[in-house]
Amino acid sequence: INDSILKSKYIFETRKTYLEEIDKEEIRELFYDIELPLISVLTDMEYNGIYVDKDILKDMQSSVEIKLDMLSKDIYDLAGEKFNISSPLQLGNILFGKLGLPGGKKNARGFKTDIKVLHKLYNVHPIIEKILEYRNLDKLNSTYLSGLDKYIGEDKKIHTIFKQNLTRTGRLSSVEPNIQNIPVREEEGRKIRKAFLPSANSIFLCADYSQIELRILAHISEDEEMMEAFNKNEDIHTKVASDIFGVPEEAVSKSMRKSAKAVIFGIVYGISGFGLGENLEISSKDAKKFIDKYYEFYPKVKKYMDDIVIKAREDGYVKTLFNRKRVIEELNSDIFAIRSAGERIALNTPIQGTSADIIKKAMVEI
């Protein structure tokens, strides 16, 4: 009770100061029209919960455990011995010590065996494909199939908690459990989603924006080429592929479109030629050519990116179109890697943050 009284006293005594801050930061719309009404929306979502069919999860778990057992045997056969597949130390010793695969890099805990390392070795030895499949299934099993079970209540529902202001970009996140990152690309991940069902006499309503972050980029940068493409309802990835590869849109292949998509989203997230090269499995030199070509066709995007980093250094922060502010201490760091991360934050936050604001606004209005 004393704690509640102290909180109430604090809220009463600081009310005037915070109201003045809201006006000073020009976030009345963000606070009163988006964040405050969203509380009721999220409360309803948490209270209603989402129905989960335990039987579907159990059937999947049995199937996945059989697959894991079979994969383990295949991996042991290819390695020539039994070992703990989930141990990076033991896995590194098998791959780079016993099997002598190329590119082994050591840190204090042994050979590196992260996802990037394994992907580079994908076509080098058949054991790599098996290990990647094993890792995916093992994570699905521990995180979702057995992991979700403890969160299903007596009403057969999961009542996740939505965090409204945990992320620095303003995006929603969910905890206990996190149901926002159930995989959708892998077949097994899509199967897990089938266990989430509408309650009796209810339906799921799915609403989304098409290319919201790229539309915001076009709007903020005022790049005529991008804006025209969206206004004409063109496929932006096909258009960019056509531009950077110098072919008509009808001649754009799937791989060209995929490369263009990687370039566009890479630029939004401040990717380097090296990073893009790794993603596309091409040389960093060729990847940089793609980026330079994109800037050639969309010069105002380049200008926006240069200007926003300079402004962020001057101000110490960036804002979304709804004035959500993100202070970027990283820009003042003496360490190059941290400073570079700060620049990427400055590039991306106005776009990703505005996207989050718009999604929240839409949730309230729906």
# chains A, B, ... in the order shown; residues from 1 in each chain; ligands from 1
>>> residues_around(residues="stretch 279-282 of chain A", least_positions_apart="2", cutoff="12 Å", atoms="only C-alpha atoms", output="count of residues only")
31
>>> select_by_dssp(residues="stretch 218-354 of chain A", states="strand (DSSP E or B)", output="PyMOL selection string")
chain A and resi 317-319+325-327
>>> write_last_selection(atoms="C-alpha atoms", output="JSON list (two decimals), in the first residue's frame")
[["chain", "number", "residue", "atom", "x", "y", "z"],
["A", 317, "TYR", "CA", 19.63, 12.11, -31.49],
["A", 318, "VAL", "CA", 17.23, 11.30, -34.34],
["A", 319, "LYS", "CA", 13.43, 11.45, -34.50],
["A", 325, "LYS", "CA", 13.26, 10.63, -30.12],
["A", 326, "ARG", "CA", 16.20, 8.24, -29.91],
["A", 327, "VAL", "CA", 19.40, 9.51, -28.32]]
>>> residues_around(residues="A:Gln180", least_positions_apart="3", cutoff="12 Å", atoms="only C-alpha atoms", output="PyMOL selection string")
chain A and resi 144+160-163+171-177+183-184+193
>>> residues_around(residues="A:Ile345", least_positions_apart="6", cutoff="10 Å", atoms="only C-alpha atoms", output="ChimeraX atom specification")
/A:168-169,269-270,309,312,317-318,326-328,330-331,339,352
>>> select_by_dssp(residues="stretch 107-320 of chain A", states="alpha helix (DSSP H)", output="ChimeraX atom specification")
/A:115-120,126-139,187-193,212-221,224-231,236-245,254-268,273-280,284-297,299-315
>>> atom_distance(atom1="atom CA of A:Asp315", atom2="atom CA of A:Leu166")
23.0 Å
>>> closest_residue(among="A:Glu329, A:Glu186, A:Glu133, A:Asp44", to="A:Asp69", atoms="only C-alpha atoms")
A:Glu133
>>> atom_distance(atom1="atom CA of A:Asn107", atom2="atom CA of A:Asn93")
12.6 Å
>>> residues_around(residues="A:Ser333", least_positions_apart="5", cutoff="12 Å", atoms="only C-alpha atoms", output="list of chain:residue names")
A:Arg313, A:Gly316, A:Ile328, A:Ile338, A:Arg339, A:Ser340, A:Ala341, A:Gly342, A:Glu343
>>> write_last_selection(atoms="N, CA and C atoms", output="CSV table (one decimal), in the first residue's frame")
chain,number,residue,atom,x,y,z
A,313,ARG,N,24.9,13.6,-35.5
A,313,ARG,CA,26.1,13.9,-34.8
A,313,ARG,C,26.0,15.3,-34.1
A,316,GLY,N,22.8,14.8,-31.5
A,316,GLY,CA,23.0,13.7,-30.5
A,316,GLY,C,21.8,12.8,-30.5
A,328,ILE,N,21.5,8.9,-29.4
A,328,ILE,CA,22.5,7.9,-29.9
A,328,ILE,C,23.8,8.2,-29.3
A,338,ILE,N,31.9,0.9,-32.7
A,338,ILE,CA,30.7,1.4,-32.0
A,338,ILE,C,30.2,2.6,-32.7
A,339,ARG,N,31.1,3.5,-33.2
A,339,ARG,CA,30.7,4.7,-33.9
A,339,ARG,C,29.9,4.3,-35.2
A,340,SER,N,30.4,3.3,-35.9
A,340,SER,CA,29.7,2.9,-37.1
A,340,SER,C,28.4,2.3,-36.8
A,341,ALA,N,28.2,1.6,-35.7
A,341,ALA,CA,26.9,1.1,-35.3
A,341,ALA,C,26.0,2.3,-35.0
A,342,GLY,N,26.5,3.3,-34.4
A,342,GLY,CA,25.7,4.5,-34.1
A,342,GLY,C,25.2,5.2,-35.4
A,343,GLU,N,26.0,5.2,-36.5
A,343,GLU,CA,25.6,5.7,-37.8
A,343,GLU,C,24.5,4.9,-38.4
>>> closest_atom_pairs(of="stretch 32-142 of chain A", to="stretch 196-212 of chain A", cutoff="8 Å", atoms="only C-alpha atoms", output="tab-separated table")
residue	atom	partner	partner_atom	distance
A:Ile50	CA	A:Phe196	CA	6.9
A:Tyr51	CA	A:Leu197	CA	5.5
A:Val52	CA	A:Phe196	CA	4.7
A:Asp53	CA	A:Phe196	CA	6.6
>>> write_last_selection(atoms="N, CA and C atoms", output="short mmCIF file (atom, residue, chain, number, x, y, z; two decimals), in the first residue's frame")
data_model
loop_
_atom_site.label_atom_id
_atom_site.label_comp_id
_atom_site.auth_asym_id
_atom_site.auth_seq_id
_atom_site.Cartn_x
_atom_site.Cartn_y
_atom_site.Cartn_z
N ILE A 50 -4.48 -16.07 -26.88
CA ILE A 50 -4.57 -16.74 -28.18
C ILE A 50 -4.62 -18.25 -27.94
N TYR A 51 -5.61 -18.89 -28.55
CA TYR A 51 -5.83 -20.32 -28.35
C TYR A 51 -4.73 -21.13 -29.04
N VAL A 52 -4.19 -22.12 -28.31
CA VAL A 52 -3.15 -22.98 -28.87
C VAL A 52 -3.54 -24.45 -28.68
N ASP A 53 -3.50 -25.20 -29.76
CA ASP A 53 -3.86 -26.62 -29.72
C ASP A 53 -2.64 -27.44 -29.27
#
>>> closest_residue(among="A:Ser253, A:Thr143, A:Asn233, A:Asn48", to="A:His159", atoms="only C-alpha atoms")
A:Asn48
>>> residues_around(residues="A:Asp138", least_positions_apart="2", cutoff="9 Å", atoms="only C-alpha atoms", output="list in words")
Val64, Glu65, Leu68, Ser86, Glu133, Tyr134, Arg135, Asn136, Leu140, Asn141, Ser142 and Thr143 of chain A
>>> residues_around(residues="A:Gly97", least_positions_apart="6", cutoff="12 Å", atoms="only C-alpha atoms", output="PyMOL selection string")
chain A and resi 79+89-91+103-106+110-111
>>> write_last_selection(atoms="all heavy atoms", output="compact mmCIF listing (two decimals), in the first residue's frame")
# COMPACT_ATOMS: atom_id res chain seq x y z
N ALA A 79 30.99 -37.82 -39.27
CA ALA A 79 32.12 -37.38 -38.44
C ALA A 79 33.03 -38.54 -38.06
O ALA A 79 34.20 -38.33 -37.71
CB ALA A 79 31.60 -36.71 -37.17
N LEU A 89 32.50 -26.08 -29.05
CA LEU A 89 33.88 -26.54 -28.90
C LEU A 89 34.08 -27.90 -29.58
O LEU A 89 35.01 -28.08 -30.38
CB LEU A 89 34.23 -26.65 -27.41
CG LEU A 89 35.64 -27.17 -27.08
CD1 LEU A 89 36.71 -26.23 -27.61
CD2 LEU A 89 35.80 -27.39 -25.58
N GLN A 90 33.18 -28.86 -29.26
CA GLN A 90 33.31 -30.20 -29.84
C GLN A 90 33.05 -30.18 -31.34
O GLN A 90 33.74 -30.85 -32.11
CB GLN A 90 32.35 -31.17 -29.14
CG GLN A 90 32.74 -31.45 -27.69
CD GLN A 90 31.85 -32.51 -27.06
OE1 GLN A 90 31.43 -33.46 -27.71
NE2 GLN A 90 31.56 -32.34 -25.77
N LEU A 91 32.07 -29.39 -31.77
CA LEU A 91 31.75 -29.29 -33.20
C LEU A 91 32.93 -28.70 -33.97
O LEU A 91 33.30 -29.21 -35.04
CB LEU A 91 30.50 -28.43 -33.41
CG LEU A 91 30.05 -28.21 -34.86
CD1 LEU A 91 29.72 -29.53 -35.54
CD2 LEU A 91 28.86 -27.27 -34.93
N GLY A 103 39.13 -22.70 -43.54
CA GLY A 103 38.58 -21.47 -42.96
C GLY A 103 38.34 -21.49 -41.47
O GLY A 103 37.59 -20.66 -40.96
N GLY A 104 38.96 -22.41 -40.77
CA GLY A 104 38.76 -22.47 -39.32
C GLY A 104 39.41 -21.30 -38.60
O GLY A 104 40.59 -21.04 -38.77
N LYS A 105 38.60 -20.56 -37.84
CA LYS A 105 39.13 -19.43 -37.07
C LYS A 105 38.86 -19.66 -35.59
O LYS A 105 37.73 -19.99 -35.20
CB LYS A 105 38.47 -18.12 -37.52
CG LYS A 105 38.90 -17.67 -38.91
CD LYS A 105 38.23 -16.36 -39.29
CE LYS A 105 38.63 -15.94 -40.70
NZ LYS A 105 37.93 -14.71 -41.12
N LYS A 106 39.90 -19.46 -34.80
CA LYS A 106 39.78 -19.72 -33.36
C LYS A 106 39.55 -18.43 -32.57
O LYS A 106 40.05 -17.37 -32.93
CB LYS A 106 41.04 -20.41 -32.84
CG LYS A 106 41.04 -21.92 -32.98
CD LYS A 106 42.19 -22.53 -32.19
CE LYS A 106 42.04 -24.06 -32.16
NZ LYS A 106 43.12 -24.67 -31.36
N GLY A 110 37.73 -21.75 -28.64
CA GLY A 110 37.90 -22.76 -29.68
C GLY A 110 37.52 -22.22 -31.05
O GLY A 110 37.42 -21.02 -31.27
N PHE A 111 37.29 -23.15 -32.00
CA PHE A 111 36.94 -22.75 -33.36
C PHE A 111 35.56 -22.11 -33.41
O PHE A 111 34.63 -22.56 -32.71
CB PHE A 111 36.95 -23.97 -34.30
CG PHE A 111 38.32 -24.48 -34.61
CD1 PHE A 111 38.81 -25.63 -34.00
CD2 PHE A 111 39.14 -23.81 -35.52
CE1 PHE A 111 40.07 -26.12 -34.29
CE2 PHE A 111 40.41 -24.29 -35.82
CZ PHE A 111 40.88 -25.44 -35.21
>>> closest_residue(among="A:Ile351, A:Val117, A:Ala195, A:Ala362", to="A:Ile216", atoms="only C-alpha atoms")
A:Ile351
